[in-house]
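J.: Quick one: this structure, given as structure tokens, is what I'll be asking you about.
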Amino acid sequence: MTAPVSTRSSADLIRAEEPVLAHNYHPLPVVVARAEGTWVEDVEGRRYLDMLAGYSALNFGHRHPALIEAAHQQLDRLTLTSRAFHNDRLAEFAERLAALTGLDMVLPMNTGAEAVESGIKVARKWAYEVKGVPADRATIVVAAENFHGRTTTIVSFSTDETARAGFGPFTPGFRIVPYNDLAALEEAVDETTAAVLLEPIQGEAGVVIPDEGYLAGVRELTRRKGCLFIADEIQSGLGRTGRTLAVEHEGVVPDVLLLGKALGGGIVPVSAVVARRDVLGVLRPGEHGSTFGGNPLAAAVGTAVVELLETGEFQHRAAELGVVLRDGLADLVGKGVVGFRARGLWAGVDIDPAIGTGREVSKLLMQEGVLVKDTHGSTIRLAPPLTITAEELGSALGVLEKVLRP
């Protein structure tokens, strides 16, 4: 990496943001100016090991050469047409993404929240046109402690009061049940249910992994009850857990799959609803759309992402290095770590509250050159790029052990 170009210090840039940026985030006090692979540099040239990877948007690391090359080539040709016209990159992207996921059709969008909103609309339309639910009575069952985005409809079924307070009135049509509770789900699903919408692993809640058999049980229940299973794999998908999709750990194929984050390779926002033909087939021209959804630049980068995943290399790396991560965290239990949950290269780590909050521990790690992000209470999340080496992962775990020492 070359020297940063900014002539303003980190402190100056942080102060400059204060009066002109909405305060909807509380970032750690580091100002990144350069990045490559698993490493980032701040404006002063200090290097940090990135153990967050943009909440899994950077599964392939910063500026992966194949993805940068795909973007450069497309920038020199065509970036946007809108969907008023066809473009020469979209068909291949849709074909290869459908094949990768084992589903039939793709609805390209931009952000994860857009994918979730689109999935909700499609499920409702399917309920009315295919299932025969009376008009405006469709319901969708979701799980407590979910995180699917922060639009007004999505926060309507959040149980996080920080996300909800002050943003009502809320959108009706949702039923909330405890996560990992098949009996509660069975009771909530009825003849009006269009879909069950779940994260196969709850990310924002602290990387909460359901009991073995839960996802297969959801799949069986939704088939038996005649509703859709929508799997939100925006964080858990595309190699993160050691499989292409987290649902694959139980051999489950959902009716509708929501993808985002890593689908854009950390370069451009790319998301998608991928589903069976009879589900996405309910949409007709004019009923849903996006000016930028499926743009040529996004399709070119997204195709390059799918090509990386088609090799299986990144899924294998996440599975193999996931053992290193899990074993390293197990060694820290009782030494400042009170518990953890991990699958592949993804972990939620519960720190002894006597040591500090998750944010306080994140700051200590930052000072030692490792970047993570806290979630609720004293929990931190680890989600390094899938390109991380065993040595880099071991180094990060060593730094965590160091900051947790009394």
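Convention: chains lettered A, B, ... in structure tokens order; per-chain residue numbering from 1; ligands numbered from 1 as shown.
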Among the residues of range 95-135 of chain A, find those DSSP assigns to strand (DSSP E) from the backbone and print them as a list in words.

T.: Met105, Val106, Leu107, Pro108 and Met109 of chain A

J.: Limited to all heavy atoms, could you put the picked residues into a file as an mmCIF file, in the first residue's frame?

T.:
data_model
loop_
_atom_site.group_PDB
_atom_site.id
_atom_site.type_symbol
_atom_site.label_atom_id
_atom_site.label_comp_id
_atom_site.auth_asym_id
_atom_site.auth_seq_id
_atom_site.Cartn_x
_atom_site.Cartn_y
_atom_site.Cartn_z
ATOM 1 N N MET A 105 -34.716 -17.954 -10.733
ATOM 2 C CA MET A 105 -34.816 -16.595 -11.250
ATOM 3 C C MET A 105 -34.197 -15.602 -10.276
ATOM 4 O O MET A 105 -34.146 -15.848 -9.066
ATOM 5 C CB MET A 105 -36.269 -16.192 -11.516
ATOM 6 C CG MET A 105 -36.972 -17.004 -12.582
ATOM 7 S SD MET A 105 -38.654 -16.376 -12.933
ATOM 8 C CE MET A 105 -38.264 -14.947 -13.942
ATOM 9 N N VAL A 106 -33.761 -14.453 -10.831
ATOM 10 C CA VAL A 106 -33.072 -13.430 -10.058
ATOM 11 C C VAL A 106 -33.770 -12.090 -10.245
ATOM 12 O O VAL A 106 -34.105 -11.701 -11.374
ATOM 13 C CB VAL A 106 -31.604 -13.311 -10.522
ATOM 14 C CG1 VAL A 106 -30.900 -12.145 -9.839
ATOM 15 C CG2 VAL A 106 -30.856 -14.618 -10.257
ATOM 16 N N LEU A 107 -33.985 -11.384 -9.138
ATOM 17 C CA LEU A 107 -34.441 -9.998 -9.156
ATOM 18 C C LEU A 107 -33.297 -9.153 -8.627
ATOM 19 O O LEU A 107 -33.019 -9.149 -7.426
ATOM 20 C CB LEU A 107 -35.687 -9.823 -8.276
ATOM 21 C CG LEU A 107 -36.166 -8.390 -8.020
ATOM 22 C CD1 LEU A 107 -36.564 -7.708 -9.319
ATOM 23 C CD2 LEU A 107 -37.336 -8.389 -7.037
ATOM 24 N N PRO A 108 -32.573 -8.427 -9.496
ATOM 25 C CA PRO A 108 -31.406 -7.668 -9.028
ATOM 26 C C PRO A 108 -31.809 -6.341 -8.399
ATOM 27 O O PRO A 108 -32.641 -5.609 -8.931
ATOM 28 C CB PRO A 108 -30.603 -7.446 -10.309
ATOM 29 C CG PRO A 108 -31.633 -7.403 -11.391
ATOM 30 C CD PRO A 108 -32.733 -8.344 -10.951
ATOM 31 N N MET A 109 -31.199 -6.062 -7.243
ATOM 32 C CA MET A 109 -31.411 -4.794 -6.562
ATOM 33 C C MET A 109 -30.041 -4.246 -6.152
ATOM 34 O O MET A 109 -29.030 -4.650 -6.710
ATOM 35 C CB MET A 109 -32.352 -4.985 -5.362
ATOM 36 C CG MET A 109 -33.728 -5.530 -5.707
ATOM 37 S SD MET A 109 -34.688 -4.475 -6.832
ATOM 38 C CE MET A 109 -35.089 -3.116 -5.752
#

J.: Considering only C-alpha atoms, return as a ChimeraX atom specification whatever protein or nucleic-acid residues lie within 7 Å of range 76-82 of chain A, sequence-local ones (same chain, fewer than 4 positions apart) excluded.

T.: /A:72,87,291-292,295-297

J.: Select, from A:Ala390, A:Val338, A:Leu28, A:Leu258, the residue with the minimum atom-to-atom distance to Arg359 in chain A, counting only C-alpha atoms.

T.: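 Checking each candidate against Arg359 in chain A, we get A:Leu28 as the closest.
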
J.: Which residue gives the smallest distance to Ala205 in chain A among A:Pro29, A:Pro285, A:Pro19, A:Gly348, with only C-alpha atoms counted?

T.: A:Gly348

J.: Which residues of range 221-280 of chain A come within 12 Å of range 136-159 of chain A, and for each one, what is the closest pair of atoms and their distance in Å to one decimal, counting only C-alpha atoms, sorted by chain and residue number, as CSV?

T.:
residue,atom,partner,partner_atom,distance
A:Thr222,CA,A:Val141,CA,10.8
A:Cys227,CA,A:Ile140,CA,9.3
A:Leu228,CA,A:Ile140,CA,9.3
A:Phe229,CA,A:Val141,CA,9.8
A:Ile230,CA,A:Val142,CA,9.9
A:Ala231,CA,A:His148,CA,10.7
A:Asp232,CA,A:His148,CA,7.5
A:Glu233,CA,A:His148,CA,9.8
A:Ile234,CA,A:His148,CA,8.5
A:Gln235,CA,A:His148,CA,9.7
A:Ser236,CA,A:His148,CA,12.0
A:Leu258,CA,A:His148,CA,10.0
A:Leu259,CA,A:His148,CA,11.2
A:Gly260,CA,A:His148,CA,11.2

J.: Kindly export the residues of the current selection with C-alpha atoms, as an mmCIF file, in the first residue's frame.

T.:
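Done, and the output landed in part_6.cif:
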data_model
loop_
_atom_site.group_PDB
_atom_site.id
_atom_site.type_symbol
_atom_site.label_atom_id
_atom_site.label_comp_id
_atom_site.auth_asym_id
_atom_site.auth_seq_id
_atom_site.Cartn_x
_atom_site.Cartn_y
_atom_site.Cartn_z
ATOM 1 C CA THR A 222 -43.427 -24.181 5.477
ATOM 2 C CA CYS A 227 -46.127 -20.872 2.666
ATOM 3 C CA LEU A 228 -42.727 -19.678 1.528
ATOM 4 C CA PHE A 229 -39.439 -19.989 3.366
ATOM 5 C CA ILE A 230 -37.396 -16.806 2.820
ATOM 6 C CA ALA A 231 -33.776 -17.122 3.951
ATOM 7 C CA ASP A 232 -31.972 -13.823 4.537
ATOM 8 C CA GLU A 233 -28.369 -14.758 3.717
ATOM 9 C CA ILE A 234 -27.187 -11.179 3.255
ATOM 10 C CA GLN A 235 -24.560 -11.604 5.995
ATOM 11 C CA SER A 236 -24.351 -15.385 6.325
ATOM 12 C CA LEU A 258 -31.974 -12.796 -0.120
ATOM 13 C CA LEU A 259 -28.387 -11.866 -0.969
ATOM 14 C CA GLY A 260 -26.321 -8.689 -0.703
#

J.: Compare A:Glu212, A:Glu44, A:Glu401, A:Glu368 by their minimum atom-to-atom distance to Asp12 in chain A, counting only C-alpha atoms, and give me the closest one.

T.: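 Answer, going by the shortest atom-to-atom distance: A:Glu44.
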